[in-house]
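So the structure is just underneath, and the comments pick up after that.
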Amino acid sequence: MALGGMRPSGPKLLAAAAGAALIVVGVATPLRGSAFGEPTVLRPQRLAPISVDLPSSFMGQPGMGSHVGGLDETRFGRPGPRTDGSAVQVESPSAAAAELHRPVRQPQVLPEGMDETPTATVYGASSYSYILDLPKISAALGEAGIDDVQLPTSLHGARIVANVPAGVGLQWGDRRSGLQLTQRRAPSLTVPAEVDLATLHDLLLGDPRITALSPGVVEQLRSIQDWQTALPVPVTGELSIIVPVDGADGLLTTDQRTEKRTLVWRRGGDVFTLAGRFDADTLVSVASSLR
């Protein structure tokens with residue numbers, strides 16, 4: 001998951017985000033571009049899980065759910081310029097805090113039998129961009145049965161940019177059976193001015209054709225009152241739940257293939273990710289003990 005994961009797959013996540021947005025655009029009347037406006041910078045304040053069952057023909061990957069690893073990143077455009085973040089191992093969490101010039105929180109409770117001394121890694125800031133391609137968008141929408149609209153030409157070449165701030169990763173044990181904790185400032189998503197997010201939102205909730213395609217998804221989106229600061233996260237089945245953790249609401253997901261659980265939550269200006277092959281109660285207990 002991009003929000004604080006160890007190594008986010010930027011272009012594929014942006015392609016997935018673009019695909020979700022284009023479902024809205026595809027059933028909309030052409031929008032006026034605001035060429036002289038300011039880009040919109042989105043900084044999610046919380047995670048909002050949305051149960052989805054997107055058409056595999058549209059997304060290009062059967063059973064996409066919350067996993068975007070197999071998504072074709074050229075489905076709606078192409079990856080643009082990117083800056084990969086560095087990964088430098090340091091002596092200790094306190095050394096990581098000195099490098100980042102801010103506190104690094106650590107758990108006071110660990111799973112039984114786990115070494116209390118973690119390996120600490122400082123991750124540099126990174127950025128990823130995705131450039132929309134109008135012919136590719138039209139082709140994808142046509143495959144989904146939405147072929148009776150004229151898309152705004154301002155979409156062609158529009159660049160979406162994700163910025164992931166620097167952060168720290170702590171590792172207890174090995175990668176397969178151990179515990180991983182990351183802490184980063186909240187990422188941001190910059191959308192160009194020609195993409196009118198407020199209009200897209202209203203069209204999504206009001207157009208009967210998109211409602212007919214997925215009434216359940218639309219109803220869930222309608223329930224999000226703070227849509228400008230909430231980040232909808234597509235999930236499938238009962239594999240993702242909201243749990244109270246560390247004084248906040250966390251999103252707990254389970255990978256059935258690997259039996260690995262990931263807990264993501266936001267506290268203050270930071271996003272935390274805790275992952276490992278442990279039961280939900282153990283992860284919540286560890287997360288809630290951070291100091």
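All residue names refer to the structure tokens as shown: chains lettered A, B, ... in order, residues numbered from 1 in each chain, ligands numbered from 1 in order.
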* **Spatial neighbours of A:Gln180, 9 Å, only C-alpha atoms, chain gap at least 6 places, as a VMD selection string** => chain A and resid 6 169 to 173 273 to 276
Can I get the selected residues back with C-alpha atoms, as a PDB file, in the first residue's frame?
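The result, stored in out.pdb:
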ATOM      1  CA  MET A   6       8.347   0.292   2.252  1.00  0.00           C
ATOM      2  CA  GLY A 169      11.589   1.806   8.341  1.00  0.00           C
ATOM      3  CA  LEU A 170      12.176  -0.433  11.339  1.00  0.00           C
ATOM      4  CA  GLN A 171      12.572  -4.204  10.869  1.00  0.00           C
ATOM      5  CA  TRP A 172      12.430  -6.876  13.564  1.00  0.00           C
ATOM      6  CA  GLY A 173      13.461 -10.337  12.418  1.00  0.00           C
ATOM      7  CA  THR A 273       2.390   1.039   8.270  1.00  0.00           C
ATOM      8  CA  LEU A 274       2.852  -2.089  10.377  1.00  0.00           C
ATOM      9  CA  ALA A 275       3.074  -5.437   8.597  1.00  0.00           C
ATOM     10  CA  GLY A 276       3.830  -9.065   9.346  1.00  0.00           C
TER      11      GLY A 276
END
* Could you tell me, as number ranges by chain, which residues of stretch 65-263 of chain A DSSP assigns to strand (DSSP E) when given the backbone? => A: 77-79, 87-90, 119-123, 126-132, 159-164, 167-172, 179-185, 188-191, 230-235, 240-245, 248-255, 260-263
* Neighbour list for A:Ile241 as a VMD selection string, cut-off 10 Å, only C-alpha atoms, skip fewer than 5 positions in-chain -> chain A and resid 49 235 249 to 254 263
* Quick one: residues within 12 Å of A:Ala96, only C-alpha atoms counted, chain neighbours fewer than 2 positions away excluded, as a VMD selection string? -> chain A and resid 87 to 94 98 to 106 118 to 124 166 to 170 182 to 184
Quick one: residues within 7 Å of A:Asp246, only C-alpha atoms counted, chain neighbours fewer than 2 positions away excluded, as an mmCIF file with C-alpha atoms, in the first residue's frame?
data_model
loop_
_atom_site.group_PDB
_atom_site.id
_atom_site.type_symbol
_atom_site.label_atom_id
_atom_site.label_comp_id
_atom_site.auth_asym_id
_atom_site.auth_seq_id
_atom_site.Cartn_x
_atom_site.Cartn_y
_atom_site.Cartn_z
ATOM 1 C CA ALA A 248 -7.029 6.776 15.467
ATOM 2 C CA ALA A 287 0.715 -0.349 17.006
ATOM 3 C CA SER A 288 -1.117 0.999 20.038
#
Within 7 Å of A:Ser129, counting only C-alpha atoms, which residues qualify if same-chain residues fewer than 6 places away don't, as a PDB file with N, CA and C atoms, in the first residue's frame?
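See result-v4.pdb below for the written result:
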ATOM      1  N   PRO A  11       4.192   4.281 -10.391  1.00  0.00           N
ATOM      2  CA  PRO A  11       3.435   4.362 -11.631  1.00  0.00           C
ATOM      3  C   PRO A  11       2.205   3.481 -11.638  1.00  0.00           C
ATOM      4  N   PRO A  79       3.842   6.250 -17.626  1.00  0.00           N
ATOM      5  CA  PRO A  79       4.581   6.824 -16.503  1.00  0.00           C
ATOM      6  C   PRO A  79       5.407   8.008 -16.963  1.00  0.00           C
ATOM      7  N   GLY A  80       5.424   9.053 -16.152  1.00  0.00           N
ATOM      8  CA  GLY A  80       6.210  10.236 -16.467  1.00  0.00           C
ATOM      9  C   GLY A  80       7.482  10.276 -15.648  1.00  0.00           C
ATOM     10  N   PRO A  81       8.093  11.459 -15.535  1.00  0.00           N
ATOM     11  CA  PRO A  81       9.327  11.580 -14.753  1.00  0.00           C
ATOM     12  C   PRO A  81       9.124  11.111 -13.316  1.00  0.00           C
ATOM     13  N   ARG A  82      10.151  10.505 -12.765  1.00  0.00           N
ATOM     14  CA  ARG A  82      10.071  10.010 -11.393  1.00  0.00           C
ATOM     15  C   ARG A  82      11.402  10.216 -10.694  1.00  0.00           C
ATOM     16  N   ARG A 159      -0.812  15.663 -16.312  1.00  0.00           N
ATOM     17  CA  ARG A 159       0.128  14.885 -15.502  1.00  0.00           C
ATOM     18  C   ARG A 159      -0.275  14.893 -14.031  1.00  0.00           C
ATOM     19  N   ILE A 160      -0.451  13.694 -13.472  1.00  0.00           N
ATOM     20  CA  ILE A 160      -0.755  13.509 -12.058  1.00  0.00           C
ATOM     21  C   ILE A 160       0.554  13.156 -11.354  1.00  0.00           C
ATOM     22  N   VAL A 161       0.834  13.828 -10.245  1.00  0.00           N
ATOM     23  CA  VAL A 161       2.113  13.643  -9.551  1.00  0.00           C
ATOM     24  C   VAL A 161       1.868  13.229  -8.105  1.00  0.00           C
ATOM     25  N   ALA A 162       2.501  12.150  -7.694  1.00  0.00           N
ATOM     26  CA  ALA A 162       2.467  11.707  -6.294  1.00  0.00           C
ATOM     27  C   ALA A 162       3.821  11.989  -5.659  1.00  0.00           C
TER      28      ALA A 162
END
* Just asking: which residues within stretch 108-176 of chain A are helix (DSSP H, G or I) according to DSSP, as a PyMOL selection string? -> chain A and resi 134-143+153-155
Could you dump the residues just selected with N, CA and C atoms as an mmCIF file, in the first residue's frame?
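Contents of the output file selection-v3.cif:
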data_model
loop_
_atom_site.group_PDB
_atom_site.id
_atom_site.type_symbol
_atom_site.label_atom_id
_atom_site.label_comp_id
_atom_site.auth_asym_id
_atom_site.auth_seq_id
_atom_site.Cartn_x
_atom_site.Cartn_y
_atom_site.Cartn_z
ATOM 1 N N LEU A 134 -5.362 10.478 -24.092
ATOM 2 C CA LEU A 134 -6.775 10.474 -24.431
ATOM 3 C C LEU A 134 -7.188 9.287 -25.299
ATOM 4 N N PRO A 135 -6.464 8.925 -26.358
ATOM 5 C CA PRO A 135 -6.871 7.747 -27.138
ATOM 6 C C PRO A 135 -6.900 6.458 -26.313
ATOM 7 N N LYS A 136 -5.936 6.278 -25.425
ATOM 8 C CA LYS A 136 -5.927 5.082 -24.584
ATOM 9 C C LYS A 136 -7.114 5.088 -23.626
ATOM 10 N N ILE A 137 -7.434 6.257 -23.078
ATOM 11 C CA ILE A 137 -8.572 6.376 -22.177
ATOM 12 C C ILE A 137 -9.860 6.016 -22.913
ATOM 13 N N SER A 138 -10.031 6.552 -24.116
ATOM 14 C CA SER A 138 -11.233 6.283 -24.902
ATOM 15 C C SER A 138 -11.355 4.804 -25.212
ATOM 16 N N ALA A 139 -10.234 4.161 -25.549
ATOM 17 C CA ALA A 139 -10.259 2.737 -25.856
ATOM 18 C C ALA A 139 -10.657 1.915 -24.633
ATOM 19 N N ALA A 140 -10.108 2.280 -23.463
ATOM 20 C CA ALA A 140 -10.438 1.546 -22.241
ATOM 21 C C ALA A 140 -11.907 1.712 -21.875
ATOM 22 N N LEU A 141 -12.421 2.930 -22.025
ATOM 23 C CA LEU A 141 -13.829 3.171 -21.734
ATOM 24 C C LEU A 141 -14.725 2.411 -22.701
ATOM 25 N N GLY A 142 -14.314 2.351 -23.981
ATOM 26 C CA GLY A 142 -15.094 1.605 -24.957
ATOM 27 C C GLY A 142 -15.187 0.131 -24.610
ATOM 28 N N GLU A 143 -14.098 -0.450 -24.122
ATOM 29 C CA GLU A 143 -14.109 -1.848 -23.704
ATOM 30 C C GLU A 143 -15.052 -2.082 -22.534
ATOM 31 N N THR A 153 -10.627 17.323 -24.345
ATOM 32 C CA THR A 153 -9.263 17.231 -24.865
ATOM 33 C C THR A 153 -8.226 17.670 -23.835
ATOM 34 N N SER A 154 -8.664 18.417 -22.823
ATOM 35 C CA SER A 154 -7.720 18.879 -21.796
ATOM 36 C C SER A 154 -7.143 17.720 -20.990
ATOM 37 N N LEU A 155 -7.784 16.551 -21.047
ATOM 38 C CA LEU A 155 -7.240 15.403 -20.333
ATOM 39 C C LEU A 155 -5.944 14.905 -20.971
#
* **Which of A:Arg261, A:Arg176, A:Pro192, A:Thr229 sits closest to A:Leu42 [using only C-alpha atoms]** =>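 The shortest atom-to-atom distance to A:Leu42 comes from A:Thr229.
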* To do: Select, from A:Val284, A:Ser51, A:Arg267, A:Pro44, the residue with the minimum atom-to-atom distance to A:Leu110, counting only C-alpha atoms.
  =>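 Residue with the minimum atom-to-atom distance to A:Leu110: A:Val284.
Minimum atom-to-atom distance to A:Ser126, evaluated using only C-alpha atoms, belongs to A:Ser188 out of A:Glu112, A:Leu181, A:Ser188, A:Ile146.
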* **Atomic distance atom CA of A:Arg43 - atom CA of A:His156, expressed in Å with one decimal** =>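 Distance reported for this atom pair: 24.2 Å.
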* Separation of atom CA of A:Val109 from atom CA of A:Gly178 in Å -> 14.3 Å
* Asked: Distance atom CA of A:Val271-atom CA of A:Val52, one decimal place?
  ->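 Computing the Euclidean distance for atom CA of A:Val271 and atom CA of A:Val52 yields 23.8 Å.
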* Nearest to A:Thr190 by atom-to-atom distance, counting only C-alpha atoms, from A:Val264, A:Ala158, A:Ala125, A:Ile50 ->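 When distances to A:Thr190 are compared using only C-alpha atoms, the smallest one comes from A:Ala158.
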